[in-house]
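Have a look at coords35.cif; it's mmCIF, C-alpha atoms and all ligand atoms:
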```
data_coords
#
loop_
_atom_site.label_atom_id
_atom_site.label_comp_id
_atom_site.auth_asym_id
_atom_site.auth_seq_id
_atom_site.Cartn_x
_atom_site.Cartn_y
_atom_site.Cartn_z
CA MET A 1 0.00 0.00 0.00
CA SER A 2 1.39 3.38 -0.85
CA ARG A 3 1.40 5.83 1.98
CA ARG A 4 1.61 9.58 1.43
CA LEU A 5 4.85 11.00 2.79
CA LEU A 6 4.75 13.37 5.76
CA ILE A 7 7.53 15.92 6.21
CA ALA A 8 7.30 17.28 9.75
CA GLY A 9 9.35 20.08 11.31
CA ASN A 10 9.82 20.21 15.07
CA TRP A 11 11.09 23.68 15.94
CA LYS A 12 11.66 22.73 19.59
CA MET A 13 12.50 25.76 21.82
CA ASN A 14 13.93 27.91 19.03
CA LEU A 15 13.10 31.14 17.18
CA ASP A 16 11.24 34.26 18.31
CA SER A 17 7.89 35.50 17.08
CA ARG A 18 9.40 37.35 14.17
CA GLY A 19 11.59 34.41 13.16
CA ALA A 20 8.70 31.96 13.54
CA THR A 21 6.46 34.08 11.32
CA ALA A 22 9.18 34.50 8.69
CA LEU A 23 9.94 30.78 8.63
CA ALA A 24 6.25 29.84 8.44
CA ARG A 25 5.80 32.23 5.50
CA ALA A 26 8.83 30.78 3.75
CA VAL A 27 7.54 27.21 4.23
CA LYS A 28 4.14 28.31 2.93
CA HIS A 29 5.78 29.84 -0.14
CA GLU A 30 7.74 26.65 -0.81
CA ILE A 31 4.72 24.36 -0.42
CA VAL A 32 2.33 26.52 -2.41
CA GLN A 33 4.86 26.81 -5.22
CA ARG A 34 5.84 23.15 -5.44
CA LYS A 35 2.56 21.45 -4.53
CA LEU A 36 4.22 18.07 -4.13
CA ASP A 37 2.18 15.00 -3.28
CA ARG A 38 3.40 15.11 0.34
CA ASP A 39 1.99 16.35 3.63
CA VAL A 40 3.83 18.95 5.68
CA MET A 41 3.46 19.51 9.42
CA LEU A 42 5.05 22.21 11.57
CA ALA A 43 5.36 22.09 15.36
CA PRO A 44 6.37 25.55 16.60
CA PRO A 45 6.78 26.46 20.28
CA TYR A 46 3.40 27.04 22.01
CA PRO A 47 3.65 30.85 22.19
CA TYR A 48 4.01 31.07 18.40
CA LEU A 49 1.22 28.69 17.42
CA ASP A 50 -1.21 31.52 16.87
CA THR A 51 1.09 33.63 14.72
CA VAL A 52 2.22 30.59 12.73
CA ALA A 53 -1.42 29.50 12.27
CA ARG A 54 -2.18 32.92 10.79
CA ALA A 55 0.84 32.76 8.51
CA LEU A 56 -0.23 29.32 7.23
CA GLU A 57 -3.88 30.18 6.70
CA GLY A 58 -5.29 28.86 3.45
CA THR A 59 -2.55 26.24 3.01
CA PRO A 60 -2.71 22.49 3.56
CA ILE A 61 0.23 22.70 6.00
CA LEU A 62 -0.69 20.95 9.25
CA LEU A 63 -0.01 22.77 12.51
CA ALA A 64 0.98 20.73 15.56
CA GLY A 65 1.86 21.14 19.21
CA GLN A 66 5.13 19.70 20.49
CA ASP A 67 3.39 18.16 23.50
CA LEU A 68 0.13 18.45 25.46
CA SER A 69 -1.20 17.91 28.95
CA ARG A 70 -2.67 14.55 29.87
CA HIS A 71 -5.42 16.50 31.68
CA GLU A 72 -8.44 18.07 30.09
CA SER A 73 -8.34 21.40 31.99
CA GLY A 74 -7.94 22.84 35.46
CA ALA A 75 -5.23 23.60 37.99
CA PHE A 76 -2.17 22.46 36.04
CA THR A 77 0.08 25.50 35.97
CA GLY A 78 2.26 25.69 32.90
CA GLU A 79 0.46 22.99 30.97
CA VAL A 80 -1.34 23.25 27.64
CA SER A 81 -4.47 21.24 26.90
CA ALA A 82 -5.59 19.44 23.76
CA GLY A 83 -8.56 21.81 23.58
CA MET A 84 -6.22 24.81 23.58
CA LEU A 85 -4.18 23.34 20.74
CA ILE A 86 -7.35 22.78 18.72
CA ASP A 87 -8.54 26.28 19.57
CA LEU A 88 -5.31 27.69 18.10
CA GLY A 89 -5.77 25.77 14.87
CA CYS A 90 -3.67 22.69 15.52
CA HIS A 91 -4.42 19.56 13.57
CA GLY A 92 -2.17 17.42 15.72
CA THR A 93 0.57 17.14 18.29
CA LEU A 94 3.77 15.29 18.96
CA VAL A 95 3.50 12.88 21.89
CA GLY A 96 6.32 11.19 23.78
CA HIS A 97 9.22 13.00 22.13
CA SER A 98 12.42 11.72 23.70
CA GLU A 99 13.18 15.21 25.05
CA ARG A 100 9.84 15.15 26.92
CA ARG A 101 10.66 11.68 28.21
CA GLU A 102 14.18 12.73 29.23
CA HIS A 103 13.68 16.29 30.51
CA GLY A 104 9.92 16.46 31.10
CA GLY A 105 9.60 13.26 33.11
CA ASP A 106 7.22 11.58 30.67
CA THR A 107 6.97 7.89 31.50
CA ASP A 108 5.35 5.24 29.31
CA ASP A 109 2.19 5.77 31.34
CA THR A 110 2.24 9.56 30.79
CA VAL A 111 2.78 9.02 27.09
CA ARG A 112 -0.17 6.61 26.94
CA ALA A 113 -2.41 9.09 28.77
CA LYS A 114 -1.33 12.00 26.55
CA LEU A 115 -1.84 9.97 23.41
CA GLU A 116 -5.36 9.04 24.47
CA ARG A 117 -6.11 12.63 25.44
CA ALA A 118 -4.87 13.94 22.09
CA ILE A 119 -6.73 11.47 19.92
CA ARG A 120 -9.97 11.49 21.94
CA SER A 121 -9.97 15.30 21.81
CA GLY A 122 -9.81 15.23 18.03
CA LEU A 123 -6.11 15.82 17.41
CA SER A 124 -3.90 13.65 15.27
CA ALA A 125 -0.83 12.42 17.12
CA VAL A 126 2.75 11.69 16.13
CA LEU A 127 3.88 9.17 18.72
CA CYS A 128 7.67 9.22 19.12
CA VAL A 129 9.57 6.10 20.13
CA GLY A 130 13.26 5.27 20.05
CA GLU A 131 16.07 3.59 21.92
CA SER A 132 18.88 5.31 23.81
CA GLU A 133 22.56 4.84 23.08
CA SER A 134 22.93 2.42 25.98
CA VAL A 135 20.12 0.19 24.68
CA ARG A 136 21.53 0.34 21.17
CA GLU A 137 24.89 -0.85 22.43
CA THR A 138 23.23 -4.06 23.54
CA GLY A 139 22.33 -4.87 19.92
CA ALA A 140 19.64 -4.68 17.26
CA ALA A 141 17.35 -7.28 18.83
CA ALA A 142 17.38 -5.51 22.19
CA SER A 143 16.70 -2.16 20.49
CA MET A 144 13.74 -3.63 18.65
CA ALA A 145 12.35 -5.17 21.83
CA PHE A 146 12.75 -1.86 23.68
CA VAL A 147 11.03 0.20 20.99
CA GLU A 148 8.27 -2.39 20.62
CA GLY A 149 7.73 -2.12 24.38
CA GLN A 150 7.40 1.67 24.18
CA LEU A 151 4.92 1.27 21.33
CA ALA A 152 2.77 -1.33 23.08
CA ALA A 153 2.71 0.72 26.30
CA ALA A 154 1.65 3.87 24.45
CA LEU A 155 -1.08 2.16 22.44
CA ALA A 156 -2.49 0.11 25.32
CA GLY A 157 -5.71 2.13 25.62
CA LEU A 158 -6.42 2.88 21.97
CA THR A 159 -8.79 1.09 19.65
CA GLU A 160 -7.92 0.18 16.08
CA GLU A 161 -10.36 2.82 14.80
CA GLU A 162 -8.67 5.52 16.89
CA CYS A 163 -5.23 4.53 15.57
CA ALA A 164 -6.50 4.43 11.98
CA LYS A 165 -8.02 7.86 12.29
CA ALA A 166 -5.32 9.79 14.06
CA LEU A 167 -2.04 7.96 14.68
CA THR A 168 1.38 8.39 13.08
CA ILE A 169 4.48 6.81 14.58
CA ALA A 170 7.93 8.43 14.54
CA TYR A 171 10.96 6.23 15.10
CA GLU A 172 13.64 8.49 16.53
CA PRO A 173 16.71 6.76 17.94
CA VAL A 174 17.69 9.01 20.85
CA TRP A 175 21.38 8.78 20.01
CA ALA A 176 20.67 10.25 16.57
CA ILE A 177 18.71 13.30 17.71
CA GLY A 178 20.67 16.52 17.30
CA THR A 179 23.95 14.63 17.15
CA GLY A 180 24.61 14.53 13.42
CA LYS A 181 24.56 10.71 13.59
CA THR A 182 21.75 8.95 11.75
CA ALA A 183 20.70 5.35 11.73
CA SER A 184 21.72 3.80 8.42
CA THR A 185 18.74 3.74 6.09
CA SER A 186 18.75 -0.06 6.19
CA ASP A 187 18.80 -0.14 10.03
CA ALA A 188 16.01 2.43 10.17
CA ALA A 189 13.97 0.52 7.56
CA ALA A 190 14.43 -2.70 9.56
CA MET A 191 13.15 -0.97 12.70
CA HIS A 192 10.20 0.44 10.76
CA ALA A 193 9.35 -3.02 9.45
CA HIS A 194 9.53 -4.33 13.01
CA LEU A 195 7.24 -1.56 14.27
CA ARG A 196 4.79 -2.27 11.46
CA ALA A 197 4.78 -5.95 12.35
CA SER A 198 4.15 -4.99 15.99
CA VAL A 199 1.13 -2.93 14.95
CA ALA A 200 -0.13 -5.90 12.92
CA ASN A 201 0.24 -8.06 16.03
CA LEU A 202 -1.45 -5.58 18.32
CA TYR A 203 -4.28 -4.74 15.89
CA SER A 204 -4.36 -5.94 12.30
CA GLU A 205 -2.46 -6.16 9.03
CA ALA A 206 -4.90 -3.66 7.58
CA LEU A 207 -3.99 -1.00 10.12
CA ALA A 208 -0.29 -1.79 9.91
CA SER A 209 -0.23 -1.40 6.16
CA ARG A 210 -1.82 2.04 6.19
CA LEU A 211 -0.07 3.54 9.25
CA ARG A 212 2.63 6.11 8.56
CA ILE A 213 5.96 5.57 10.28
CA LEU A 214 8.37 8.53 10.15
CA TYR A 215 12.09 8.51 10.79
CA GLY A 216 13.70 11.24 12.89
CA GLY A 217 17.21 11.99 14.13
CA SER A 218 19.64 14.28 12.29
CA VAL A 219 17.70 14.25 9.05
CA ASN A 220 19.18 16.95 6.83
CA ALA A 221 19.28 18.23 3.27
CA ALA A 222 22.05 15.79 2.37
CA ASN A 223 20.58 12.53 3.70
CA ALA A 224 16.83 13.09 3.22
CA ALA A 225 16.54 11.66 -0.30
CA ASP A 226 18.16 8.41 0.76
CA ILE A 227 15.99 8.10 3.87
CA LEU A 228 12.77 9.00 2.05
CA GLY A 229 13.65 6.54 -0.70
CA ALA A 230 13.17 3.55 1.62
CA SER A 231 9.72 2.06 1.09
CA GLU A 232 9.29 1.34 4.82
CA ILE A 233 9.88 5.01 5.70
CA ASP A 234 6.82 7.20 5.25
CA GLY A 235 8.30 10.58 6.07
CA VAL A 236 10.65 12.40 8.38
CA LEU A 237 10.48 14.31 11.65
CA VAL A 238 13.09 17.04 11.40
CA GLY A 239 14.50 19.15 14.23
CA GLY A 240 17.57 21.29 13.53
CA ALA A 241 17.27 21.25 9.76
CA SER A 242 13.65 22.45 9.94
CA LEU A 243 14.78 25.84 11.27
CA LYS A 244 16.13 27.06 7.94
CA ILE A 245 14.02 27.20 4.80
CA GLU A 246 17.00 26.20 2.66
CA SER A 247 17.39 22.85 4.41
CA PHE A 248 13.69 22.23 5.15
CA GLY A 249 12.77 23.11 1.57
CA THR A 250 15.40 20.71 0.25
CA ILE A 251 14.09 17.96 2.54
CA TYR A 252 10.53 18.65 1.39
CA ARG A 253 11.62 18.19 -2.23
CA ALA A 254 14.05 15.34 -1.59
CA GLY A 255 13.61 12.42 -3.93
CA ALA A 256 10.43 13.88 -5.45
CA ALA A 257 9.93 13.18 -9.13
P1 LIG A 301 17.11 16.58 14.92
O1 LIG A 301 15.82 16.38 15.86
O2 LIG A 301 16.61 16.55 13.50
O3 LIG A 301 17.67 17.93 15.30
O4 LIG A 301 18.03 15.46 15.22
C1 LIG A 301 14.81 15.49 15.51
C2 LIG A 301 13.75 15.46 16.57
O5 LIG A 301 14.09 15.60 17.75
O6 LIG A 301 12.56 15.31 16.27
#
```
Translate this structure into structure tokens?
Ligand code: PGA
Amino acid sequence: MSRRLLIAGNWKMNLDSRGATALARAVKHEIVQRKLDRDVMLAPPYPYLDTVARALEGTPILLAGQDLSRHESGAFTGEVSAGMLIDLGCHGTLVGHSERREHGGDTDDTVRAKLERAIRSGLSAVLCVGESESVRETGAAASMAFVEGQLAAALAGLTEEECAKALTIAYEPVWAIGTGKTASTSDAAAMHAHLRASVANLYSEALASRLRILYGGSVNAANAADILGASEIDGVLVGGASLKIESFGTIYRAGAA
């Protein structure tokens, strides 16, 4: 089954309002001009969602949060709810990014609760999974088992219909994020195939064959075509290289006919 590619930019805690607006406009220009058969998603910092939403108005570019609260509303100082993201024009959100797991204290249980909250509130969700350097050192089989465990824990409360409607998975080996190291395309493709088989086990072949699985971790203008050329890889989640239109634009076009 052919799956439409998704090129997602995670701006993390970068830019200011002027820079965010300028970058959003530049991405809009690129997408409107090229009109490739690919989806594009941008995840700016919370305070710039509104200004970026305005800059993207009238385009098919999907706006996303970088995270969300597991709670619906109430006394949770500093948190941002799914409803607020929707109110600001978000289509989706990242969930379980390794930086939220590492610095934000997100456990497998938090990730499960956030994923359910996102999808049941009407957002699409990009669920991030990936093994650390120390797990990777123990070998490919251990890495696969670890990532499969993260996936199963996150999906524990979701039905097949909910996954089909709103779920994307992003495989992001933690040791590759922001380090300039990437998994080889064949290693990444093998992990993607394993994740797809896990989804087939947990739910069905039908869901597994239609679910998009992105790769993330030091994707850049030079390696994107190779990564996107692997049939198991349905898009990329880009951090550093999404902050400049030159590199993000090149990634968007990479390997396109
Ligand atoms: P990177 O980040 O592209 O800067 O490695 C990817 C991510 O964290 O999603």
### Message
With distances taken over only C-alpha atoms, which residue among A:Met13, A:Ala22, A:Leu115, A:Val174 lies nearest A:Lys244?
### Response
A:Ala22
If the limit is 8 Å from any atom of ligand LIG 301 (chain A), counting only C-alpha atoms and all ligand atoms, which residues qualify? Return them as a short mmCIF file (atom, residue, chain, number, x, y, z; two decimals) with C-alpha atoms, in the coordinates of the input.
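So the final result, stored in result35.cif, reads:
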```cif
data_model
loop_
_atom_site.label_atom_id
_atom_site.label_comp_id
_atom_site.auth_asym_id
_atom_site.auth_seq_id
_atom_site.Cartn_x
_atom_site.Cartn_y
_atom_site.Cartn_z
CA GLY A 9 9.35 20.08 11.31
CA ASN A 10 9.82 20.21 15.07
CA LYS A 12 11.66 22.73 19.59
CA HIS A 97 9.22 13.00 22.13
CA SER A 98 12.42 11.72 23.70
CA GLU A 99 13.18 15.21 25.05
CA GLU A 172 13.64 8.49 16.53
CA ALA A 176 20.67 10.25 16.57
CA ILE A 177 18.71 13.30 17.71
CA GLY A 178 20.67 16.52 17.30
CA THR A 179 23.95 14.63 17.15
CA GLY A 180 24.61 14.53 13.42
CA GLY A 216 13.70 11.24 12.89
CA GLY A 217 17.21 11.99 14.13
CA SER A 218 19.64 14.28 12.29
CA VAL A 219 17.70 14.25 9.05
CA ASN A 220 19.18 16.95 6.83
CA LEU A 237 10.48 14.31 11.65
CA VAL A 238 13.09 17.04 11.40
CA GLY A 239 14.50 19.15 14.23
CA GLY A 240 17.57 21.29 13.53
CA ALA A 241 17.27 21.25 9.76
CA SER A 242 13.65 22.45 9.94
#
```
#### Entry: Residues near A:Glu57, cut-off 12 Å, only C-alpha atoms, skip fewer than 6 positions along chain, as JSON, numbers by chain
{"A": [21, 24, 25, 28, 29, 32, 49, 50, 51, 63, 88, 89, 90]}
Requested write-out: C-alpha atoms of the selected residues, as a short mmCIF file (atom, residue, chain, number, x, y, z; two decimals), in the coordinates of the input:
```cif
data_model
loop_
_atom_site.label_atom_id
_atom_site.label_comp_id
_atom_site.auth_asym_id
_atom_site.auth_seq_id
_atom_site.Cartn_x
_atom_site.Cartn_y
_atom_site.Cartn_z
CA THR A 21 6.46 34.08 11.32
CA ALA A 24 6.25 29.84 8.44
CA ARG A 25 5.80 32.23 5.50
CA LYS A 28 4.14 28.31 2.93
CA HIS A 29 5.78 29.84 -0.14
CA VAL A 32 2.33 26.52 -2.41
CA LEU A 49 1.22 28.69 17.42
CA ASP A 50 -1.21 31.52 16.87
CA THR A 51 1.09 33.63 14.72
CA LEU A 63 -0.01 22.77 12.51
CA LEU A 88 -5.31 27.69 18.10
CA GLY A 89 -5.77 25.77 14.87
CA CYS A 90 -3.67 22.69 15.52
#
```
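Distance annotation: of A:Gly255, A:Val52, A:Leu68, A:Gly74, the residue with the minimal separation from A:Arg18 is A:Val52; atom set is all atoms listed in the file.
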### Task
List the neighbours of stretch 118-135 of chain A out to 8 Å using all atoms listed in the file; skip same-chain residues closer than 4 positions along the sequence, and give me the result as a PyMOL selection string.
chain A and resi 68+82-83+86+90-98+114+139+142-143+146-147+150-151+162+165-175
### Task
Pick out the closest residue to A:Ser186 from this set: A:Ala152, A:Glu205, A:Ile227, A:Arg212. Count only C-alpha atoms.
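Nearest candidate to A:Ser186 out of A:Ala152, A:Glu205, A:Ile227, A:Arg212: A:Ile227.
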